[in-house]
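What's in structure14.txt: compact mmCIF, C-alpha atoms
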```txt
# COMPACT_ATOMS: atom_id res chain seq x y z
CA MET A 15 -22.06 -2.27 -24.78
CA LYS A 16 -19.11 -0.07 -23.85
CA THR A 17 -15.96 -1.51 -22.32
CA PHE A 18 -13.15 -0.25 -20.10
CA TYR A 19 -9.57 -1.21 -19.35
CA LEU A 20 -7.98 -0.33 -15.98
CA ARG A 21 -4.35 -0.47 -14.94
CA SER A 22 -3.45 0.65 -11.41
CA PHE A 23 -0.02 1.45 -10.00
CA GLY A 24 1.26 2.08 -6.49
CA CYS A 25 0.22 1.47 -2.90
CA GLN A 26 -2.71 -0.24 -1.18
CA MET A 27 -4.58 3.07 -1.18
CA ASN A 28 -4.35 3.04 -4.98
CA ASP A 29 -5.60 -0.55 -5.02
CA HIS A 30 -8.60 0.58 -2.97
CA ASP A 31 -9.17 3.54 -5.30
CA ALA A 32 -9.03 1.14 -8.24
CA GLU A 33 -11.86 -0.90 -6.70
CA ARG A 34 -13.90 2.31 -6.51
CA ILE A 35 -13.15 3.11 -10.15
CA VAL A 36 -14.26 -0.36 -11.27
CA ALA A 37 -17.51 -0.05 -9.31
CA LEU A 38 -18.25 3.41 -10.71
CA LEU A 39 -17.69 2.33 -14.30
CA GLU A 40 -19.68 -0.87 -13.90
CA ALA A 41 -22.54 1.14 -12.39
CA ASP A 42 -22.52 3.19 -15.60
CA GLY A 43 -22.93 -0.01 -17.61
CA LEU A 44 -19.36 -0.50 -18.78
CA VAL A 45 -17.77 -3.96 -18.89
CA ARG A 46 -14.15 -4.52 -17.93
CA VAL A 47 -11.79 -6.07 -20.51
CA ALA A 48 -8.27 -7.44 -20.15
CA ARG A 49 -6.72 -5.83 -23.26
CA VAL A 50 -6.28 -2.14 -23.91
CA ASP A 51 -7.06 -2.73 -27.62
CA ASP A 52 -10.58 -3.90 -26.70
CA ALA A 53 -11.51 -0.90 -24.55
CA ASP A 54 -13.67 2.11 -25.27
CA VAL A 55 -12.49 3.79 -22.06
CA ILE A 56 -8.86 3.40 -20.97
CA VAL A 57 -8.09 4.26 -17.34
CA TYR A 58 -4.72 4.50 -15.62
CA ASN A 59 -4.78 4.94 -11.85
CA THR A 60 -1.41 6.46 -11.12
CA CYS A 61 1.26 6.77 -8.44
CA THR A 62 3.94 9.44 -8.44
CA VAL A 63 5.82 8.63 -5.24
CA ARG A 64 8.82 7.35 -7.23
CA ARG A 65 10.18 8.07 -10.67
CA SER A 66 9.90 4.38 -11.61
CA ALA A 67 6.10 4.67 -11.39
CA ASP A 68 6.17 7.66 -13.74
CA ASP A 69 8.36 5.72 -16.17
CA ARG A 70 6.03 2.71 -16.18
CA LEU A 71 3.03 4.97 -16.74
CA ALA A 72 4.71 6.63 -19.72
CA GLY A 73 5.17 3.23 -21.33
CA HIS A 74 1.54 2.26 -20.81
CA LEU A 75 0.31 5.62 -22.03
CA GLY A 76 2.23 4.97 -25.21
CA GLU A 77 -0.09 2.00 -25.75
CA ALA A 78 -3.10 4.21 -25.08
CA ALA A 79 -1.86 6.75 -27.63
CA ARG A 80 -1.49 3.97 -30.20
CA VAL A 81 -5.04 2.63 -29.84
CA LYS A 82 -6.55 6.10 -29.63
CA ALA A 83 -4.86 6.99 -32.91
CA LEU A 84 -6.65 4.01 -34.46
CA ASP A 85 -10.00 5.12 -32.97
CA PRO A 86 -10.18 8.75 -31.76
CA ALA A 87 -13.55 8.02 -30.11
CA ARG A 88 -11.76 6.16 -27.35
CA VAL A 89 -11.49 8.04 -24.04
CA VAL A 90 -8.21 8.03 -22.10
CA VAL A 91 -8.45 8.76 -18.36
CA VAL A 92 -5.53 9.38 -16.00
CA ALA A 93 -6.57 9.24 -12.34
CA GLY A 94 -4.66 9.21 -9.07
CA CYS A 95 -1.70 11.04 -7.60
CA LEU A 96 0.10 12.12 -10.78
CA PRO A 97 -2.71 14.32 -12.18
CA GLN A 98 -3.42 15.69 -8.70
CA VAL A 99 0.16 17.00 -8.63
CA GLU A 100 0.42 18.06 -12.28
CA ARG A 101 -3.23 19.05 -12.85
CA GLU A 102 -3.56 20.71 -16.29
CA GLY A 103 0.11 19.97 -16.96
CA ILE A 104 -0.78 16.34 -17.58
CA PHE A 105 -2.28 17.36 -20.93
CA GLU A 106 0.94 19.08 -21.98
CA ARG A 107 2.91 15.90 -21.39
CA PHE A 108 0.27 13.58 -22.84
CA PRO A 109 -1.92 15.54 -25.29
CA PHE A 110 -4.03 12.47 -26.15
CA VAL A 111 -5.39 12.24 -22.58
CA ASP A 112 -9.04 13.27 -22.34
CA VAL A 113 -9.81 13.24 -18.62
CA ALA A 114 -7.66 13.70 -15.52
CA LEU A 115 -8.76 13.60 -11.88
CA GLY A 116 -7.04 13.24 -8.51
CA PRO A 117 -7.49 10.54 -5.88
CA GLN A 118 -9.89 12.58 -3.74
CA HIS A 119 -12.14 13.35 -6.72
CA LEU A 120 -13.18 9.91 -7.94
CA ALA A 121 -16.83 10.84 -7.56
CA ALA A 122 -16.35 13.15 -10.56
CA LEU A 123 -15.46 10.24 -12.87
CA SER A 124 -18.93 9.52 -14.23
CA GLY A 125 -19.63 13.18 -14.90
CA ALA A 126 -16.22 13.60 -16.50
CA LEU A 127 -16.91 10.76 -18.92
CA ARG A 128 -20.30 12.17 -19.82
CA ALA A 129 -18.60 15.49 -20.54
CA CYS A 130 -15.62 13.97 -22.33
CA GLY A 131 -15.89 16.56 -25.04
CA GLN A 132 -14.87 19.05 -22.36
CA ARG A 133 -11.24 18.03 -22.00
CA GLY A 134 -9.64 18.92 -18.69
CA PHE A 135 -8.89 18.27 -15.04
CA PHE A 136 -12.02 17.44 -13.06
CA ASP A 137 -12.41 18.25 -9.38
CA GLY A 138 -15.00 16.78 -7.06
CA ASP A 139 -15.75 17.72 -3.48
CA GLY A 140 -12.29 16.64 -2.33
CA GLY A 141 -13.71 14.30 0.29
CA LEU A 142 -12.87 10.74 1.26
CA SER A 143 -14.09 8.06 -1.12
CA SER A 144 -15.88 5.96 1.52
CA ALA A 145 -19.34 6.89 0.18
CA LEU A 146 -18.51 5.56 -3.29
CA PRO A 147 -19.40 2.03 -4.40
CA THR A 148 -16.67 -0.59 -4.41
CA HIS A 149 -15.86 -3.77 -6.30
CA ARG A 150 -13.98 -6.20 -4.06
CA GLU A 151 -11.52 -8.60 -5.66
CA ARG A 152 -12.42 -11.26 -3.08
CA PRO A 153 -15.74 -11.37 -1.19
CA PHE A 154 -14.06 -12.23 2.13
CA GLN A 155 -11.41 -9.47 2.14
CA ALA A 156 -11.84 -5.69 2.04
CA TRP A 157 -9.95 -2.43 2.28
CA LEU A 158 -11.40 0.16 4.64
CA GLN A 159 -10.07 3.71 4.41
CA VAL A 160 -9.96 5.37 7.83
CA MET A 161 -8.08 8.50 6.81
CA SER A 162 -6.37 10.15 3.88
CA GLY A 163 -3.49 12.51 3.36
CA CYS A 164 -0.40 13.31 5.38
CA THR A 165 0.98 16.30 7.25
CA ASN A 166 4.44 14.95 8.05
CA PHE A 167 6.07 16.63 5.02
CA CYS A 168 9.09 14.34 4.81
CA SER A 169 11.54 16.16 2.58
CA TYR A 170 11.54 13.51 -0.17
CA CYS A 171 7.79 12.81 -0.25
CA ILE A 172 5.16 14.09 -2.67
CA VAL A 173 2.19 12.53 -0.82
CA PRO A 174 1.05 15.74 0.96
CA ALA A 175 0.77 17.42 -2.44
CA ALA A 176 -0.95 14.41 -4.01
CA ARG A 177 -3.28 13.37 -1.18
CA GLY A 178 -3.61 16.58 0.83
CA PRO A 179 -3.52 17.03 4.61
CA GLU A 180 -4.55 14.36 7.10
CA ARG A 181 -8.32 13.85 7.24
CA SER A 182 -9.82 11.23 9.53
CA ARG A 183 -13.24 9.66 9.20
CA ALA A 184 -15.55 9.68 12.19
CA ALA A 185 -15.06 6.52 14.25
CA ASP A 186 -18.78 5.70 14.14
CA ASP A 187 -18.70 5.79 10.33
CA VAL A 188 -15.69 3.47 10.20
CA VAL A 189 -17.29 0.98 12.59
CA ALA A 190 -20.57 1.10 10.67
CA GLU A 191 -18.78 0.32 7.40
CA ALA A 192 -16.88 -2.54 9.07
CA ARG A 193 -20.12 -3.99 10.41
CA ALA A 194 -21.68 -3.82 6.95
CA LEU A 195 -18.65 -5.52 5.40
CA ALA A 196 -18.64 -8.29 8.00
CA ALA A 197 -22.38 -8.81 7.52
CA ASP A 198 -21.63 -9.22 3.80
CA GLY A 199 -19.18 -12.04 4.50
CA VAL A 200 -15.89 -10.18 4.90
CA LEU A 201 -13.54 -11.98 7.30
CA GLU A 202 -10.46 -9.77 6.91
CA ILE A 203 -10.35 -5.98 6.78
CA THR A 204 -7.26 -3.90 6.10
CA LEU A 205 -7.46 -0.34 7.44
CA LEU A 206 -5.81 2.20 5.15
CA GLY A 207 -4.18 5.57 5.71
CA GLN A 208 -0.94 7.31 4.77
CA ASN A 209 -0.20 7.30 8.52
CA VAL A 210 -2.88 5.34 10.36
CA ASN A 211 -1.14 5.99 13.70
CA ALA A 212 -2.18 9.65 13.36
CA TYR A 213 -5.84 8.74 13.03
CA GLY A 214 -8.05 11.17 14.94
CA ASN A 215 -5.43 13.91 15.41
CA ASP A 216 -7.38 16.23 13.10
CA LEU A 217 -10.78 15.58 14.72
CA PRO A 218 -12.32 17.83 17.43
CA ALA A 219 -10.44 17.57 20.74
CA SER A 220 -13.58 16.73 22.72
CA GLY A 221 -13.99 12.96 22.57
CA ARG A 222 -11.20 12.63 20.00
CA PRO A 223 -10.67 8.97 19.04
CA THR A 224 -7.26 7.34 18.87
CA PHE A 225 -6.20 4.67 16.44
CA ALA A 226 -5.80 2.19 19.30
CA GLY A 227 -9.33 3.01 20.43
CA LEU A 228 -10.63 2.53 16.90
CA LEU A 229 -9.02 -0.91 16.76
CA GLY A 230 -10.75 -1.76 20.03
CA ALA A 231 -14.13 -0.76 18.63
CA LEU A 232 -13.56 -2.76 15.44
CA ASP A 233 -12.46 -5.81 17.39
CA ASP A 234 -16.06 -6.08 18.63
CA VAL A 235 -17.54 -6.31 15.11
CA PRO A 236 -19.45 -9.63 14.83
CA GLY A 237 -18.02 -12.00 12.22
CA LEU A 238 -14.73 -10.18 11.74
CA ARG A 239 -11.79 -12.57 12.09
CA ARG A 240 -8.76 -10.55 11.02
CA LEU A 241 -7.91 -6.85 11.19
CA ARG A 242 -4.84 -5.38 9.51
CA PHE A 243 -3.61 -1.81 9.07
CA THR A 244 -1.08 0.11 7.03
CA THR A 245 1.00 2.24 7.10
CA SER A 246 2.45 3.17 10.50
CA HIS A 247 4.81 6.08 11.12
CA PRO A 248 7.43 5.12 13.73
CA ARG A 249 7.14 8.46 15.50
CA ASP A 250 3.45 7.86 16.21
CA LEU A 251 3.63 4.21 17.27
CA SER A 252 2.24 4.58 20.79
CA ASP A 253 2.32 2.16 23.70
CA ALA A 254 -1.48 2.01 23.48
CA LEU A 255 -1.27 0.87 19.86
CA ILE A 256 1.32 -1.78 20.72
CA ALA A 257 -1.00 -3.01 23.50
CA ALA A 258 -3.88 -3.17 21.01
CA VAL A 259 -1.84 -5.39 18.68
CA ALA A 260 -0.96 -7.60 21.65
CA ASP A 261 -4.39 -7.84 23.26
CA LEU A 262 -7.09 -7.64 20.58
CA PRO A 263 -7.88 -11.06 19.09
CA THR A 264 -8.72 -9.85 15.59
CA VAL A 265 -5.67 -7.59 15.16
CA CYS A 266 -3.05 -9.48 13.16
CA GLU A 267 0.52 -9.82 14.37
CA HIS A 268 2.09 -7.68 11.66
CA VAL A 269 3.21 -4.05 11.65
CA HIS A 270 4.68 -2.30 8.63
CA LEU A 271 7.02 0.31 10.11
CA PRO A 272 8.97 2.24 7.44
CA ALA A 273 12.43 3.17 8.71
CA GLN A 274 13.79 4.65 5.44
CA SER A 275 17.38 4.92 6.78
CA GLY A 276 19.53 3.78 9.66
CA SER A 277 21.47 7.05 9.84
CA ASP A 278 20.34 9.74 12.28
CA ARG A 279 21.93 12.37 10.05
CA VAL A 280 19.98 11.20 7.00
CA LEU A 281 16.76 10.81 9.01
CA ALA A 282 17.07 14.42 10.14
CA ALA A 283 17.57 15.57 6.55
CA MET A 284 14.53 13.54 5.55
CA GLY A 285 12.45 15.19 8.29
CA ARG A 286 11.38 11.85 9.74
CA GLY A 287 11.16 13.09 13.33
CA TYR A 288 12.86 10.17 15.11
CA THR A 289 16.30 8.70 15.72
CA MET A 290 17.50 5.15 15.26
CA ASP A 291 17.53 4.69 19.00
CA TRP A 292 13.84 5.63 19.11
CA TYR A 293 13.03 3.32 16.21
CA LEU A 294 14.85 0.32 17.68
CA ARG A 295 13.20 0.87 21.07
CA ARG A 296 9.80 0.77 19.33
CA VAL A 297 10.82 -2.48 17.61
CA ASP A 298 11.92 -3.93 20.96
CA ALA A 299 8.61 -2.87 22.54
CA LEU A 300 6.65 -4.57 19.76
CA ARG A 301 8.60 -7.81 20.06
CA ALA A 302 8.34 -7.81 23.87
CA ALA A 303 4.55 -7.37 23.73
CA VAL A 304 3.93 -9.64 20.72
CA PRO A 305 6.66 -12.32 20.49
CA ASP A 306 5.37 -13.74 17.19
CA ILE A 307 4.97 -10.37 15.48
CA ALA A 308 6.23 -9.77 11.94
CA ILE A 309 7.82 -6.36 11.39
CA THR A 310 8.34 -5.17 7.82
CA THR A 311 9.82 -1.90 6.64
CA ASP A 312 10.74 0.44 3.79
CA LEU A 313 14.41 1.33 3.24
CA MET A 314 15.87 3.92 0.89
CA VAL A 315 19.44 4.32 -0.36
CA GLY A 316 21.02 7.18 -2.26
CA PHE A 317 19.37 10.07 -0.42
CA PRO A 318 21.32 13.27 -1.21
CA GLY A 319 24.48 13.42 0.88
CA GLU A 320 24.30 9.79 2.02
CA THR A 321 27.85 8.64 2.83
CA ASP A 322 29.36 5.19 3.15
CA ALA A 323 29.04 5.58 6.92
CA ASP A 324 25.35 6.47 6.62
CA PHE A 325 24.75 3.40 4.49
CA ALA A 326 26.64 1.25 7.00
CA ASP A 327 24.20 2.53 9.64
CA THR A 328 21.32 1.26 7.49
CA ILE A 329 22.92 -2.17 7.24
CA ALA A 330 23.39 -2.15 11.01
CA LEU A 331 19.70 -1.26 11.45
CA VAL A 332 18.64 -4.22 9.33
CA GLU A 333 20.85 -6.57 11.30
CA GLY A 334 19.69 -5.15 14.63
CA ALA A 335 15.96 -4.96 13.94
CA GLY A 336 15.55 -8.43 12.46
CA PHE A 337 12.98 -7.41 9.85
CA ASP A 338 10.74 -10.09 8.39
CA ALA A 339 10.79 -8.33 5.03
CA ALA A 340 11.88 -5.01 3.58
CA PHE A 341 10.85 -3.01 0.53
CA THR A 342 14.03 -1.38 -0.75
CA PHE A 343 14.31 1.61 -3.07
CA VAL A 344 16.80 3.98 -4.61
CA TYR A 345 15.96 7.61 -3.87
CA SER A 346 14.35 9.43 -6.78
CA PRO A 347 13.86 13.22 -6.62
CA ARG A 348 10.26 14.40 -6.81
CA PRO A 349 9.82 17.89 -8.25
CA GLY A 350 8.44 20.28 -5.67
CA THR A 351 9.85 18.46 -2.64
CA PRO A 352 12.63 20.02 -0.51
CA ALA A 353 14.97 17.07 -1.08
CA ALA A 354 14.89 17.64 -4.84
CA THR A 355 17.06 20.74 -4.39
CA LEU A 356 19.55 19.28 -1.90
CA PRO A 357 23.23 19.23 -2.87
CA ASP A 358 25.58 16.21 -3.00
CA PRO A 359 23.56 13.74 -5.05
CA VAL A 360 24.71 10.15 -4.79
CA ALA A 361 26.22 8.83 -8.03
CA PRO A 362 23.94 6.28 -9.73
CA GLU A 363 26.63 3.61 -9.73
CA VAL A 364 27.18 4.07 -5.98
CA ALA A 365 23.45 3.92 -5.30
CA GLY A 366 23.26 0.79 -7.45
CA GLU A 367 26.00 -0.92 -5.46
CA ARG A 368 24.31 0.01 -2.19
CA ILE A 369 20.86 -1.21 -3.19
CA ALA A 370 22.31 -4.52 -4.41
CA ARG A 371 24.03 -5.06 -1.07
CA LEU A 372 20.96 -3.99 0.90
CA VAL A 373 18.70 -6.35 -1.06
CA GLY A 374 21.10 -9.20 -0.38
CA VAL A 375 21.21 -8.53 3.36
CA THR A 376 17.44 -8.13 3.71
CA GLN A 377 16.72 -11.26 1.65
CA ASP A 378 19.14 -13.34 3.73
CA GLN A 379 17.43 -12.10 6.87
CA SER A 380 13.97 -12.80 5.46
CA ARG A 381 15.09 -16.30 4.50
CA ARG A 382 16.18 -16.99 8.07
CA ARG A 383 12.91 -15.61 9.49
CA ARG A 384 10.85 -17.81 7.13
CA ALA A 385 12.96 -20.90 7.88
CA ALA A 386 12.28 -20.49 11.59
CA THR A 387 8.59 -21.24 10.89
CA VAL A 388 9.26 -24.68 9.38
CA GLY A 389 7.67 -27.35 11.57
CA ALA A 390 5.06 -25.01 13.03
CA THR A 391 1.33 -25.02 12.31
CA VAL A 392 -0.02 -21.65 11.14
CA GLU A 393 -3.49 -20.29 10.47
CA VAL A 394 -3.99 -19.47 6.80
CA LEU A 395 -6.80 -17.52 5.17
CA VAL A 396 -7.20 -19.21 1.78
CA GLU A 397 -7.20 -16.66 -1.06
CA GLY A 398 -7.31 -18.97 -4.08
CA GLU A 399 -5.38 -21.43 -6.18
CA SER A 400 -1.60 -21.19 -6.20
CA ARG A 401 0.40 -20.61 -9.34
CA HIS A 402 2.66 -23.49 -8.26
CA GLY A 403 0.71 -26.50 -9.47
CA HIS A 404 -2.17 -28.17 -7.64
CA LEU A 405 -1.85 -26.12 -4.49
CA TRP A 406 -3.77 -23.49 -2.56
CA ARG A 407 -2.46 -20.02 -1.70
CA GLY A 408 -3.20 -17.93 1.38
CA ARG A 409 -1.69 -15.74 4.07
CA THR A 410 -0.82 -16.15 7.71
CA ARG A 411 -1.75 -13.61 10.36
CA GLN A 412 1.81 -12.31 9.93
CA ASN A 413 0.97 -11.57 6.26
CA VAL A 414 3.27 -14.27 4.84
CA THR A 415 2.15 -16.10 1.70
CA VAL A 416 1.72 -19.86 2.08
CA ASN A 417 1.35 -22.40 -0.74
CA PHE A 418 -0.09 -25.66 0.56
CA SER A 419 -1.76 -28.93 -0.37
CA GLY A 420 -4.90 -30.51 0.99
CA PRO A 421 -8.63 -29.81 0.93
CA ALA A 422 -9.55 -26.13 1.10
CA ALA A 423 -11.69 -23.41 -0.46
CA PRO A 424 -11.28 -19.64 -0.88
CA GLY A 425 -12.37 -17.80 2.25
CA GLU A 426 -11.62 -20.69 4.62
CA LEU A 427 -9.37 -20.30 7.65
CA VAL A 428 -7.32 -23.50 7.82
CA PRO A 429 -4.37 -24.82 9.85
CA VAL A 430 -1.30 -25.56 7.74
CA LEU A 431 1.80 -27.50 8.79
CA VAL A 432 4.81 -25.63 7.35
CA THR A 433 7.26 -27.98 5.63
CA GLY A 434 9.49 -25.59 3.70
CA SER A 435 10.28 -21.95 3.01
CA THR A 436 11.91 -19.37 0.77
CA SER A 437 12.84 -15.78 1.56
CA THR A 438 9.29 -14.63 0.81
CA THR A 439 6.95 -17.62 1.12
CA LEU A 440 6.13 -20.75 3.09
CA ARG A 441 4.94 -24.11 1.80
CA GLY A 442 3.15 -26.89 3.59
CA ARG A 443 0.12 -29.13 3.84
CA ARG A 444 -3.17 -28.81 5.60
CA ALA A 445 -2.73 -30.07 9.14
CA ALA A 446 -4.52 -33.23 10.18
CA GLY A 447 -7.77 -32.60 11.99
CA GLY A 448 -7.99 -29.03 10.73
```

Here is the file; what I need is its structure written in the form of structure tokens.
Amino acid sequence: MKTFYLRSFGCQMNDHDAERIVALLEADGLVRVARVDDADVIVYNTCTVRRSADDRLAGHLGEAARVKALDPARVVVVAGCLPQVEREGIFERFPFVDVALGPQHLAALSGALRACGQRGFFDGDGGLSSALPTHRERPFQAWLQVMSGCTNFCSYCIVPAARGPERSRAADDVVAEARALAADGVLEITLLGQNVNAYGNDLPASGRPTFAGLLGALDDVPGLRRLRFTTSHPRDLSDALIAAVADLPTVCEHVHLPAQSGSDRVLAAMGRGYTMDWYLRRVDALRAAVPDIAITTDLMVGFPGETDADFADTIALVEGAGFDAAFTFVYSPRPGTPAATLPDPVAPEVAGERIARLVGVTQDQSRRRRAATVGATVEVLVEGESRHGHLWRGRTRQNVTVNFSGPAAPGELVPVLVTGSTSTTLRGRRAAGG
């Protein structure tokens, strides 16, 4: 019986693609193994948004090269965004790779493996992967892709080249898939798209759906208890979408709203299409409509030409917006993007000092936000056993991890009394009577 090893890097969309890859390989009779040395087929599902992802992949591919040298019959597959950007160039960098295919061509995987003697980049129909089988990590949670691609063309971002232009699924198809998932026991669905706020913009004008309207339709799905979505572009965060988060019972009180920078000058150079005033007014509107909302963000330092004053604006944004959590990054140039050719690069040591300060500020803020929950009772969807001793682990509607004691089982929704916190997690015990 043949075996496969899969390692996936990157965003939630890549996690969803990885579930499709697992299902496709298992349908072909392959069995997943935990060690690359034990695999007949070695698959890396890649991200190329940041240089760090490329560096990690290179290290893992070194392992693949080692085991393939021991047994040339092994097949090495590189899927995802990196081969979509590099195409045939992937084989020049990594000559031991047998098969490469992009994220919109996963349907070609089985055929590519059957034709593994024909080394090369395999294209499929370029469509969304919703028709492919999936292998869910947990039976009560699911990803649901509502759109793919992006047409914002931020100057630093490779996603339009890797994922293509925005393509939305028909609303009826999305609702039908959600109904099928809920009927199969799924309690929580996370809607995926590079910019879910733009859902429907590419569909025919007559009867064109909006993302807020789609949330309304999904809220009516029998059995569905929680509905999440990611990622939102600040420019497209409409009043209707804010109202949907406030009014629809299943929609969780969490919005991930990447800011990237607090400097209007840097935002303009990035091509983000909004100012800090606009961003902060959207944050204020969210908090006014949904007082218990959690707002998380992405923040970048070291964009070409970023000055001390620009960085100070980012610190001021963090302090003014009151983020619940922030993913922080140092800018890394992506070949083929406009920002890669900009002058005035920020010195690595300066970028390092800035990211260290930014991490400290965001963690202090997150710690205060978590501490404010101590003493409250929160609803937790139990995901499994905690790594911290004889405890359970789950998430609140605000997407905060909770480790707690008391009777529970995976897939249960339970009330938890919060007794302590860190900058990233809560701890507690199951509330009496819950």

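Ranking A:Asp234, A:Glu393, A:Asp54, A:Glu106 by their shortest atom-to-atom distance to Val91 of chain A, with only C-alpha atoms included, puts A:Asp54 first.
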
Counting all atoms listed in the file, which residues in segment 332-430 of chain A sit no more than 12 Å from segment 202-212 of chain A? For each one, give the nearest pair of atoms and the distance in Å, sorted by chain then residue number, as JSON lines.
```
{"residue": "A:Val394", "atom": "CA", "partner": "A:Glu202", "partner_atom": "CA", "distance": 11.7}
{"residue": "A:Leu395", "atom": "CA", "partner": "A:Glu202", "partner_atom": "CA", "distance": 8.7}
{"residue": "A:Val396", "atom": "CA", "partner": "A:Glu202", "partner_atom": "CA", "distance": 11.2}
{"residue": "A:Glu397", "atom": "CA", "partner": "A:Glu202", "partner_atom": "CA", "distance": 11.0}
{"residue": "A:Arg409", "atom": "CA", "partner": "A:Glu202", "partner_atom": "CA", "distance": 11.0}
{"residue": "A:Thr410", "atom": "CA", "partner": "A:Glu202", "partner_atom": "CA", "distance": 11.6}
{"residue": "A:Arg411", "atom": "CA", "partner": "A:Glu202", "partner_atom": "CA", "distance": 10.1}
{"residue": "A:Asn413", "atom": "CA", "partner": "A:Thr204", "partner_atom": "CA", "distance": 11.3}
{"residue": "A:Gly425", "atom": "CA", "partner": "A:Glu202", "partner_atom": "CA", "distance": 9.5}
{"residue": "A:Glu426", "atom": "CA", "partner": "A:Glu202", "partner_atom": "CA", "distance": 11.2}
{"residue": "A:Leu427", "atom": "CA", "partner": "A:Glu202", "partner_atom": "CA", "distance": 10.6}
```

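The nearest approach to Val188 of chain A among the residues A:Cys168, A:Ala254, A:Met161, A:Leu201, with all atoms listed in the file taken into account, belongs to A:Met161.
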
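Atom pair atom CA of Ala175 of chain A / atom CA of Gly350 of chain A has a distance of 8.8 Å (rounded to one decimal).
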
Of the listed residues A:Val47, A:Leu20, A:Asp29, A:Gly389, that which approaches His74 of chain A most closely, counting only C-alpha atoms: A:Leu20
